[in-house]
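Asks: PDB, C-alpha atoms, file data_25.pdb:
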```pdb
ATOM      1  CA  MET A   1      73.682-205.856 197.551
ATOM      2  CA  TRP A   2      74.201-203.798 200.703
ATOM      3  CA  ARG A   3      71.173-203.056 202.856
ATOM      4  CA  GLU A   4      71.396-200.716 205.823
ATOM      5  CA  PRO A   5      70.972-202.358 209.242
ATOM      6  CA  VAL A   6      67.580-201.813 210.820
ATOM      7  CA  GLU A   7      68.395-202.684 214.413
ATOM      8  CA  ARG A   8      71.774-202.513 216.146
ATOM      9  CA  ARG A   9      70.744-203.123 219.730
ATOM     10  CA  VAL A  10      71.958-206.203 221.560
ATOM     11  CA  THR A  11      68.965-208.360 222.483
ATOM     12  CA  ILE A  12      68.458-211.696 224.175
ATOM     13  CA  ARG A  13      67.427-213.089 220.823
ATOM     14  CA  ARG A  14      70.700-212.016 219.268
ATOM     15  CA  SER A  15      72.562-213.480 222.222
ATOM     16  CA  CYS A  16      70.973-216.813 221.399
ATOM     17  CA  CYS A  17      71.999-216.342 217.798
ATOM     18  CA  GLY A  18      75.497-215.615 219.048
ATOM     19  CA  LEU A  19      75.621-218.953 220.858
ATOM     20  CA  LEU A  20      74.458-220.707 217.704
ATOM     21  CA  ALA A  21      77.074-218.868 215.663
ATOM     22  CA  ALA A  22      79.749-219.890 218.150
ATOM     23  CA  SER A  23      78.690-223.536 217.861
ATOM     24  CA  LEU A  24      78.743-223.329 214.092
ATOM     25  CA  SER A  25      82.205-221.770 214.141
ATOM     26  CA  VAL A  26      83.530-224.722 216.150
ATOM     27  CA  PHE A  27      81.994-227.110 213.618
ATOM     28  CA  VAL A  28      83.551-225.177 210.738
ATOM     29  CA  ALA A  29      86.936-225.143 212.466
ATOM     30  CA  VAL A  30      86.842-228.936 212.819
ATOM     31  CA  ALA A  31      85.705-229.348 209.220
ATOM     32  CA  LEU A  32      88.613-227.205 208.015
ATOM     33  CA  TRP A  33      91.225-229.025 210.065
ATOM     34  CA  GLY A  34      94.126-229.786 207.814
ATOM     35  CA  VAL A  35      93.134-227.407 205.050
ATOM     36  CA  GLY A  36      96.170-225.695 203.567
ATOM     37  CA  ASP A  37      97.329-222.254 204.710
ATOM     38  CA  ALA A  38      96.757-220.793 201.246
ATOM     39  CA  ALA A  39      93.051-221.650 201.351
ATOM     40  CA  LEU A  40      92.630-220.218 204.843
ATOM     41  CA  ALA A  41      94.429-217.028 203.816
ATOM     42  CA  ALA A  42      92.009-216.288 200.969
ATOM     43  CA  PRO A  43      90.895-212.631 201.149
ATOM     44  CA  PRO A  44      87.308-211.916 202.240
ATOM     45  CA  ALA A  45      84.743-210.928 199.639
ATOM     46  CA  ALA A  46      84.732-207.230 198.800
ATOM     47  CA  THR A  47      82.167-205.251 200.779
ATOM     48  CA  ALA A  48      79.680-202.923 199.162
ATOM     49  CA  THR A  49      78.936-200.854 202.253
ATOM     50  CA  PRO A  50      78.853-197.089 201.680
ATOM     51  CA  PHE A  51      79.885-196.374 205.294
ATOM     52  CA  ILE A  52      83.553-195.481 205.640
ATOM     53  CA  GLU A  53      83.661-196.603 209.277
ATOM     54  CA  GLU A  54      82.988-200.142 208.024
ATOM     55  CA  LEU A  55      85.916-200.045 205.577
ATOM     56  CA  THR A  56      89.642-200.466 206.099
ATOM     57  CA  TRP A  57      91.842-197.609 204.979
ATOM     58  CA  THR A  58      93.008-199.547 201.934
ATOM     59  CA  GLU A  59      89.439-200.371 200.937
ATOM     60  CA  LEU A  60      88.541-196.710 201.244
ATOM     61  CA  ARG A  61      91.586-195.664 199.209
ATOM     62  CA  ASP A  62      90.604-198.067 196.444
ATOM     63  CA  ARG A  63      86.969-196.964 196.419
ATOM     64  CA  VAL A  64      88.013-193.327 196.047
ATOM     65  CA  ALA A  65      90.504-194.210 193.316
ATOM     66  CA  ALA A  66      87.706-196.063 191.503
ATOM     67  CA  GLY A  67      85.566-192.908 191.410
ATOM     68  CA  ALA A  68      83.714-192.695 194.720
ATOM     69  CA  THR A  69      84.829-189.105 195.289
ATOM     70  CA  THR A  70      81.657-187.761 196.929
ATOM     71  CA  ILE A  71      81.439-187.986 200.711
ATOM     72  CA  ILE A  72      78.125-187.447 202.488
ATOM     73  CA  VAL A  73      78.411-186.104 206.037
ATOM     74  CA  PRO A  74      75.176-186.989 207.887
ATOM     75  CA  ILE A  75      74.325-184.699 210.780
ATOM     76  CA  GLY A  76      71.813-185.767 213.386
ATOM     77  CA  GLY A  77      71.539-184.534 216.944
ATOM     78  CA  THR A  78      70.806-185.948 220.368
ATOM     79  CA  GLU A  79      67.610-184.399 221.658
ATOM     80  CA  GLN A  80      64.286-185.101 223.305
ATOM     81  CA  SER A  81      61.484-186.165 220.983
ATOM     82  CA  GLY A  82      58.649-186.589 223.410
ATOM     83  CA  PRO A  83      58.135-189.546 225.747
ATOM     84  CA  HIS A  84      57.632-191.924 222.818
ATOM     85  CA  MET A  85      60.795-191.478 220.697
ATOM     86  CA  VAL A  86      64.413-192.156 221.597
ATOM     87  CA  LEU A  87      66.963-189.389 222.028
ATOM     88  CA  GLY A  88      69.062-190.622 219.085
ATOM     89  CA  LYS A  89      66.248-190.524 216.531
ATOM     90  CA  HIS A  90      67.988-187.976 214.308
ATOM     91  CA  ASN A  91      71.265-189.894 214.350
ATOM     92  CA  VAL A  92      69.705-193.164 213.204
ATOM     93  CA  ARG A  93      67.641-191.474 210.510
ATOM     94  CA  ALA A  94      70.576-189.476 209.156
ATOM     95  CA  HIS A  95      72.745-192.611 209.028
ATOM     96  CA  VAL A  96      70.186-194.775 207.245
ATOM     97  CA  LEU A  97      69.018-192.110 204.800
ATOM     98  CA  ALA A  98      72.586-191.093 203.927
ATOM     99  CA  GLY A  99      73.305-194.741 203.158
ATOM    100  CA  ARG A 100      70.321-194.967 200.838
ATOM    101  CA  ILE A 101      71.276-191.743 199.082
ATOM    102  CA  ALA A 102      74.858-192.943 198.590
ATOM    103  CA  ALA A 103      73.722-196.328 197.291
ATOM    104  CA  LYS A 104      71.449-194.674 194.762
ATOM    105  CA  LEU A 105      74.171-192.276 193.605
ATOM    106  CA  GLY A 106      76.664-195.098 193.152
ATOM    107  CA  ASN A 107      79.752-192.887 193.482
ATOM    108  CA  ALA A 108      79.359-191.706 197.076
ATOM    109  CA  LEU A 109      80.428-192.827 200.533
ATOM    110  CA  VAL A 110      79.094-191.873 203.954
ATOM    111  CA  ALA A 111      80.972-190.404 206.912
ATOM    112  CA  PRO A 112      80.139-191.192 210.557
ATOM    113  CA  VAL A 113      77.109-189.323 211.898
ATOM    114  CA  VAL A 114      77.700-186.046 213.720
ATOM    115  CA  ALA A 115      75.616-186.519 216.877
ATOM    116  CA  TYR A 116      76.664-183.399 218.827
ATOM    117  CA  VAL A 117      74.927-180.274 217.514
ATOM    118  CA  PRO A 118      73.603-176.924 218.791
ATOM    119  CA  GLU A 119      70.429-177.551 220.804
ATOM    120  CA  GLY A 120      70.058-174.416 222.920
ATOM    121  CA  ALA A 121      71.644-172.852 225.975
ATOM    122  CA  ILE A 122      72.686-174.849 229.019
ATOM    123  CA  THR A 123      72.245-172.298 231.814
ATOM    124  CA  PRO A 124      69.481-171.378 231.941
ATOM    125  CA  PRO A 125      68.322-174.221 229.687
ATOM    126  CA  THR A 126      66.472-173.263 226.510
ATOM    127  CA  ALA A 127      64.760-175.163 223.684
ATOM    128  CA  HIS A 128      65.235-178.943 223.957
ATOM    129  CA  MET A 129      67.821-178.509 226.717
ATOM    130  CA  ARG A 130      64.881-178.206 229.095
ATOM    131  CA  PHE A 131      64.530-182.005 228.796
ATOM    132  CA  PRO A 132      67.031-184.569 230.190
ATOM    133  CA  GLY A 133      69.249-186.292 227.641
ATOM    134  CA  THR A 134      69.515-183.512 225.088
ATOM    135  CA  ILE A 135      73.143-182.689 224.252
ATOM    136  CA  THR A 136      74.213-179.282 222.990
ATOM    137  CA  ILE A 137      77.396-177.636 221.743
ATOM    138  CA  GLY A 138      78.044-174.042 220.683
ATOM    139  CA  ASP A 139      77.660-172.857 217.100
ATOM    140  CA  ALA A 140      81.378-172.061 216.743
ATOM    141  CA  THR A 141      82.390-175.531 217.983
ATOM    142  CA  PHE A 142      79.885-177.209 215.672
ATOM    143  CA  GLU A 143      81.034-175.226 212.640
ATOM    144  CA  ALA A 144      84.716-175.863 213.416
ATOM    145  CA  LEU A 145      84.037-179.610 213.641
ATOM    146  CA  LEU A 146      82.367-179.685 210.207
ATOM    147  CA  ASP A 147      85.068-177.489 208.675
ATOM    148  CA  SER A 148      87.897-179.691 209.938
ATOM    149  CA  ALA A 149      86.191-182.921 208.879
ATOM    150  CA  ALA A 150      85.584-181.579 205.366
ATOM    151  CA  ARG A 151      89.192-180.499 204.952
ATOM    152  CA  GLY A 152      90.330-183.940 206.050
ATOM    153  CA  PHE A 153      88.095-185.619 203.482
ATOM    154  CA  ARG A 154      89.530-183.379 200.766
ATOM    155  CA  GLN A 155      93.030-184.386 201.858
ATOM    156  CA  HIS A 156      92.104-188.042 201.352
ATOM    157  CA  GLY A 157      90.901-187.607 197.789
ATOM    158  CA  PHE A 158      87.231-186.663 198.038
ATOM    159  CA  ARG A 159      86.221-183.916 195.641
ATOM    160  CA  THR A 160      82.706-183.182 196.877
ATOM    161  CA  VAL A 161      81.688-182.891 200.536
ATOM    162  CA  VAL A 162      77.913-182.934 201.062
ATOM    163  CA  PHE A 163      76.434-181.961 204.427
ATOM    164  CA  ILE A 164      72.940-183.318 205.130
ATOM    165  CA  GLY A 165      71.123-182.353 208.326
ATOM    166  CA  ASP A 166      68.158-184.208 209.829
ATOM    167  CA  HIS A 167      67.370-181.342 212.215
ATOM    168  CA  GLY A 168      66.099-177.881 211.310
ATOM    169  CA  GLY A 169      67.968-175.887 213.944
ATOM    170  CA  TYR A 170      71.415-175.898 212.328
ATOM    171  CA  GLN A 171      70.657-175.599 208.600
ATOM    172  CA  LYS A 172      72.122-172.061 208.563
ATOM    173  CA  ASN A 173      75.313-173.395 210.139
ATOM    174  CA  LEU A 174      75.679-175.924 207.327
ATOM    175  CA  GLU A 175      75.271-173.177 204.729
ATOM    176  CA  LYS A 176      77.863-171.018 206.478
ATOM    177  CA  VAL A 177      80.485-173.775 206.665
ATOM    178  CA  ALA A 178      79.939-174.922 203.070
ATOM    179  CA  ALA A 179      80.201-171.338 201.755
ATOM    180  CA  LYS A 180      83.494-170.769 203.609
ATOM    181  CA  LEU A 181      84.986-174.023 202.345
ATOM    182  CA  ASP A 182      83.947-173.230 198.780
ATOM    183  CA  ARG A 183      85.627-169.819 199.011
ATOM    184  CA  ASP A 184      88.833-171.347 200.352
ATOM    185  CA  TRP A 185      88.916-174.113 197.728
ATOM    186  CA  ARG A 186      87.928-172.028 194.734
ATOM    187  CA  ALA A 187      91.506-171.239 193.724
ATOM    188  CA  ALA A 188      92.983-174.577 194.815
ATOM    189  CA  PRO A 189      95.013-176.548 192.233
ATOM    190  CA  VAL A 190      92.792-179.591 192.800
ATOM    191  CA  PRO A 191      89.084-178.727 192.344
ATOM    192  CA  CYS A 192      86.849-179.504 195.310
ATOM    193  CA  ARG A 193      83.584-178.174 196.643
ATOM    194  CA  ALA A 194      81.390-178.305 199.735
ATOM    195  CA  VAL A 195      77.603-178.380 199.615
ATOM    196  CA  ALA A 196      74.930-177.840 202.254
ATOM    197  CA  LEU A 197      72.171-180.047 200.869
ATOM    198  CA  LEU A 198      69.162-178.123 202.163
ATOM    199  CA  ASP A 199      66.757-180.090 199.954
ATOM    200  CA  TYR A 200      67.175-183.062 202.315
ATOM    201  CA  TYR A 201      65.460-181.178 205.143
ATOM    202  CA  ARG A 202      63.166-178.975 203.064
ATOM    203  CA  VAL A 203      61.273-182.025 201.830
ATOM    204  CA  THR A 204      60.106-182.780 205.377
ATOM    205  CA  GLN A 205      58.727-179.259 205.698
ATOM    206  CA  GLY A 206      57.135-179.059 202.248
ATOM    207  CA  ALA A 207      56.413-181.989 199.956
ATOM    208  CA  TYR A 208      56.058-184.484 202.786
ATOM    209  CA  VAL A 209      53.635-182.258 204.690
ATOM    210  CA  ASP A 210      51.612-181.784 201.506
ATOM    211  CA  ALA A 211      51.459-185.558 200.976
ATOM    212  CA  LEU A 212      50.206-186.113 204.521
ATOM    213  CA  LYS A 213      47.584-183.389 204.167
ATOM    214  CA  ALA A 214      46.385-185.033 200.944
ATOM    215  CA  ARG A 215      45.714-188.144 203.037
ATOM    216  CA  GLY A 216      43.491-186.254 205.460
ATOM    217  CA  HIS A 217      45.918-185.208 208.182
ATOM    218  CA  SER A 218      45.755-181.644 209.513
ATOM    219  CA  ALA A 219      48.705-179.318 210.047
ATOM    220  CA  ASP A 220      48.140-179.476 213.809
ATOM    221  CA  GLU A 221      48.339-183.290 213.727
ATOM    222  CA  ILE A 222      51.356-183.387 211.408
ATOM    223  CA  GLY A 223      53.156-181.023 213.754
ATOM    224  CA  THR A 224      56.670-179.615 213.822
ATOM    225  CA  HIS A 225      58.421-181.890 216.344
ATOM    226  CA  ALA A 226      57.556-185.382 217.602
ATOM    227  CA  GLY A 227      54.159-185.152 215.925
ATOM    228  CA  LEU A 228      52.695-187.405 213.262
ATOM    229  CA  ALA A 229      55.250-186.632 210.513
ATOM    230  CA  ASP A 230      58.309-186.915 212.744
ATOM    231  CA  THR A 231      57.089-190.118 214.364
ATOM    232  CA  ALA A 232      56.062-191.716 211.064
ATOM    233  CA  LEU A 233      59.509-191.084 209.553
ATOM    234  CA  SER A 234      61.120-192.768 212.541
ATOM    235  CA  LEU A 235      58.788-195.768 212.303
ATOM    236  CA  ALA A 236      59.683-196.187 208.631
ATOM    237  CA  ILE A 237      63.411-196.099 209.346
ATOM    238  CA  ASP A 238      63.426-198.272 212.470
ATOM    239  CA  PRO A 239      60.315-199.148 214.520
ATOM    240  CA  ALA A 240      62.522-199.494 217.608
ATOM    241  CA  LEU A 241      62.978-195.706 217.621
ATOM    242  CA  VAL A 242      59.363-195.369 218.755
ATOM    243  CA  HIS A 243      57.933-196.693 222.010
ATOM    244  CA  PRO A 244      54.188-197.095 221.350
ATOM    245  CA  ASN A 245      53.360-197.780 225.001
ATOM    246  CA  ALA A 246      54.729-194.345 225.914
ATOM    247  CA  MET A 247      52.729-192.493 223.254
ATOM    248  CA  PRO A 248      51.224-189.355 224.838
ATOM    249  CA  SER A 249      47.439-189.463 225.083
ATOM    250  CA  ASP A 250      46.388-186.044 226.348
ATOM    251  CA  PRO A 251      46.669-183.303 223.690
ATOM    252  CA  LYS A 252      46.607-180.662 226.439
ATOM    253  CA  ALA A 253      49.879-182.036 227.791
ATOM    254  CA  PHE A 254      51.685-182.527 224.464
ATOM    255  CA  ALA A 255      53.784-179.351 224.594
ATOM    256  CA  ARG A 256      54.690-179.950 228.219
ATOM    257  CA  GLU A 257      56.000-183.375 227.201
ATOM    258  CA  GLY A 258      58.030-182.013 224.283
ATOM    259  CA  VAL A 259      55.513-182.891 221.555
ATOM    260  CA  TYR A 260      54.369-180.360 218.951
ATOM    261  CA  GLY A 261      51.795-182.188 216.854
ATOM    262  CA  ASP A 262      49.840-185.393 217.440
ATOM    263  CA  PRO A 263      51.754-188.650 216.853
ATOM    264  CA  ARG A 264      48.957-191.081 217.708
ATOM    265  CA  ARG A 265      48.036-191.959 214.105
ATOM    266  CA  ALA A 266      51.630-192.188 212.857
ATOM    267  CA  SER A 267      52.560-195.316 210.892
ATOM    268  CA  ALA A 268      55.510-196.734 209.017
ATOM    269  CA  GLU A 269      53.417-196.620 205.849
ATOM    270  CA  LEU A 270      53.039-192.843 206.161
ATOM    271  CA  GLY A 271      56.719-192.536 207.004
ATOM    272  CA  ARG A 272      57.821-194.369 203.880
ATOM    273  CA  ILE A 273      56.288-191.585 201.785
ATOM    274  CA  GLY A 274      58.677-189.106 203.381
ATOM    275  CA  VAL A 275      61.648-191.466 203.185
ATOM    276  CA  GLU A 276      61.251-191.867 199.426
ATOM    277  CA  GLN A 277      60.807-188.129 198.967
ATOM    278  CA  ILE A 278      63.927-187.321 200.985
ATOM    279  CA  VAL A 279      66.101-189.827 199.142
ATOM    280  CA  ASP A 280      64.825-188.924 195.673
ATOM    281  CA  ALA A 281      65.107-185.161 196.252
ATOM    282  CA  SER A 282      68.618-185.479 197.693
ATOM    283  CA  VAL A 283      69.882-187.687 194.875
ATOM    284  CA  ALA A 284      68.421-185.344 192.254
ATOM    285  CA  ALA A 285      69.961-182.286 193.931
ATOM    286  CA  ILE A 286      73.428-183.864 194.123
ATOM    287  CA  ARG A 287      73.275-185.046 190.518
ATOM    288  CA  ALA A 288      72.297-181.550 189.416
ATOM    289  CA  LEU A 289      75.428-180.036 190.942
ATOM    290  CA  ALA A 290      78.407-179.182 188.781
ATOM    291  CA  LEU A 291      80.755-181.528 190.598
ATOM    292  CA  PRO A 292      84.527-181.519 190.167
ATOM    293  CA  ARG A 293      86.194-184.643 188.814
TER     294      ARG A 293
END
```
Starting from the file, lay out its structure as structure tokens.
Replies:
Amino acid sequence: MWREPVERRVTIRRSCCGLLAASLSVFVAVALWGVGDAALAAPPAATATPFIEELTWTELRDRVAAGATTIIVPIGGTEQSGPHMVLGKHNVRAHVLAGRIAAKLGNALVAPVVAYVPEGAITPPTAHMRFPGTITIGDATFEALLDSAARGFRQHGFRTVVFIGDHGGYQKNLEKVAAKLDRDWRAAPVPCRAVALLDYYRVTQGAYVDALKARGHSADEIGTHAGLADTALSLAIDPALVHPNAMPSDPKAFAREGVYGDPRRASAELGRIGVEQIVDASVAAIRALALPR
């Protein structure tokens, strides 16, 4: 069964593993010396990954033909998240959560993450653009990118395009693009629809906040960005997204450091509550849609 990767960084430990793998490959090559061409040409085992970038085009074609006609487009963003969380937090979370949603649906695949999103003005800098590393693009560019990608997926046999966004700032853009696509496809000979899955993000602002409050955490601690909730979600997805040694310690300086909330008591255990809520709510919302066949 496929499980999403937790850590993709190259480390010294993995380098050592690479040397071991290389040694093993030499051993295997010697052991197979003289084996017939037919045996060596045996096709690899079929992969169960939901990520289209890990499939060949023929594998993708066959998966779609077999009924995987829903494509999830995960949208992240590259932005500051305080001194204790990496700039690509949203991208990793969107990728992993989209994979879990697709696996639970059973008939869905996942597109590459959209990492370039609207994050404020450049000159003068506004919002997260006040912090180094944040990347921004204009609303029109962002919407055109999503529109073109969705039309391409429809061309390749997908019948439902689902946008999920891990960031609150562009939810209206997702709605706008999905509504336009739906209008354009309504009279098409081959039924297809686009969906902005707002439930994915709404959970983090509603049910997840309620669950954290029920465990004794205040609204000020939970926060709206890089606080307890945001940090806990990241810890649950991949602990490497959070740098504990850089955790801010002075509440008076939080906002100046890009933190709105208090992340100091965040834990993976608290984050897993939100992860389950996001996945369950998203799966239920997609299953409730009247999807074309």
Asks: The centre and edge lengths of an axis-aligned box containing all atoms of stretch 54-73 of chain A present in the file, extended by 3 Å on each side, are to be given in Å to one decimal, as JSON.
Replies:
```
{"center_x": 85.6, "center_y": -193.3, "center_z": 199.7, "size_x": 20.9, "size_y": 20.4, "size_z": 22.6}
```
Asks: Could you list as a list in words every residue that has an atom within 10 Å of (80.7, -184.5, 217.0), using the file's coordinates and counting all atoms listed in the file?
Replies: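 It turns out the residues near that spot are Ile75, Gly76, Gly77, Pro112, Val113, Val114, Ala115, Tyr116, Val117, Ile137, Thr141, Phe142, Leu145, Leu146 and Ala149 of chain A.
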Asks: Find the residues near A:Thr224: any atom within 9 Å, counting all atoms listed in the file, skip ones fewer than 4 places away on the same chain, and give them as a ChimeraX atom specification.
Replies: /A:205,219-220,228-230,259-261
Asks: What does the distance from atom CA of A:Ile237 to atom CA of A:Ala127 come to in Å, to one decimal?
Replies: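 Separating atom CA of A:Ile237 from atom CA of A:Ala127 is a distance of 25.4 Å.
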Asks: Starting from the PyMOL selection byres ((chain A and resi 104) around 12), expand the selection into actual residues of this file and give them as a compact mmCIF listing (two decimals) with C-alpha atoms, keeping the file's coordinate frame.
Replies:
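What landed in result-v6.txt:
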```txt
# COMPACT_ATOMS: atom_id res chain seq x y z
CA MET A 1 73.68 -205.86 197.55
CA TRP A 2 74.20 -203.80 200.70
CA ARG A 3 71.17 -203.06 202.86
CA PRO A 50 78.85 -197.09 201.68
CA LEU A 97 69.02 -192.11 204.80
CA ALA A 98 72.59 -191.09 203.93
CA GLY A 99 73.31 -194.74 203.16
CA ARG A 100 70.32 -194.97 200.84
CA ILE A 101 71.28 -191.74 199.08
CA ALA A 102 74.86 -192.94 198.59
CA ALA A 103 73.72 -196.33 197.29
CA LEU A 105 74.17 -192.28 193.60
CA GLY A 106 76.66 -195.10 193.15
CA ASN A 107 79.75 -192.89 193.48
CA ALA A 108 79.36 -191.71 197.08
CA LEU A 109 80.43 -192.83 200.53
CA GLU A 276 61.25 -191.87 199.43
CA VAL A 279 66.10 -189.83 199.14
CA ASP A 280 64.82 -188.92 195.67
CA ALA A 281 65.11 -185.16 196.25
CA SER A 282 68.62 -185.48 197.69
CA VAL A 283 69.88 -187.69 194.88
CA ALA A 284 68.42 -185.34 192.25
CA ILE A 286 73.43 -183.86 194.12
CA ARG A 287 73.28 -185.05 190.52
```
Asks: Which of these, A:Gln277, A:Thr78, A:Ser148, A:Asn91, has the shortest distance to A:Lys180 once you count only C-alpha atoms?
Replies: A:Ser148
Asks: Smallest atom-to-atom distance to A:Val177: which of A:Asp139, A:Asp210, A:Glu221, A:Asp199, using all atoms listed in the file?
Replies: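 Among the listed residues, the smallest separation from A:Val177 belongs to A:Asp139.
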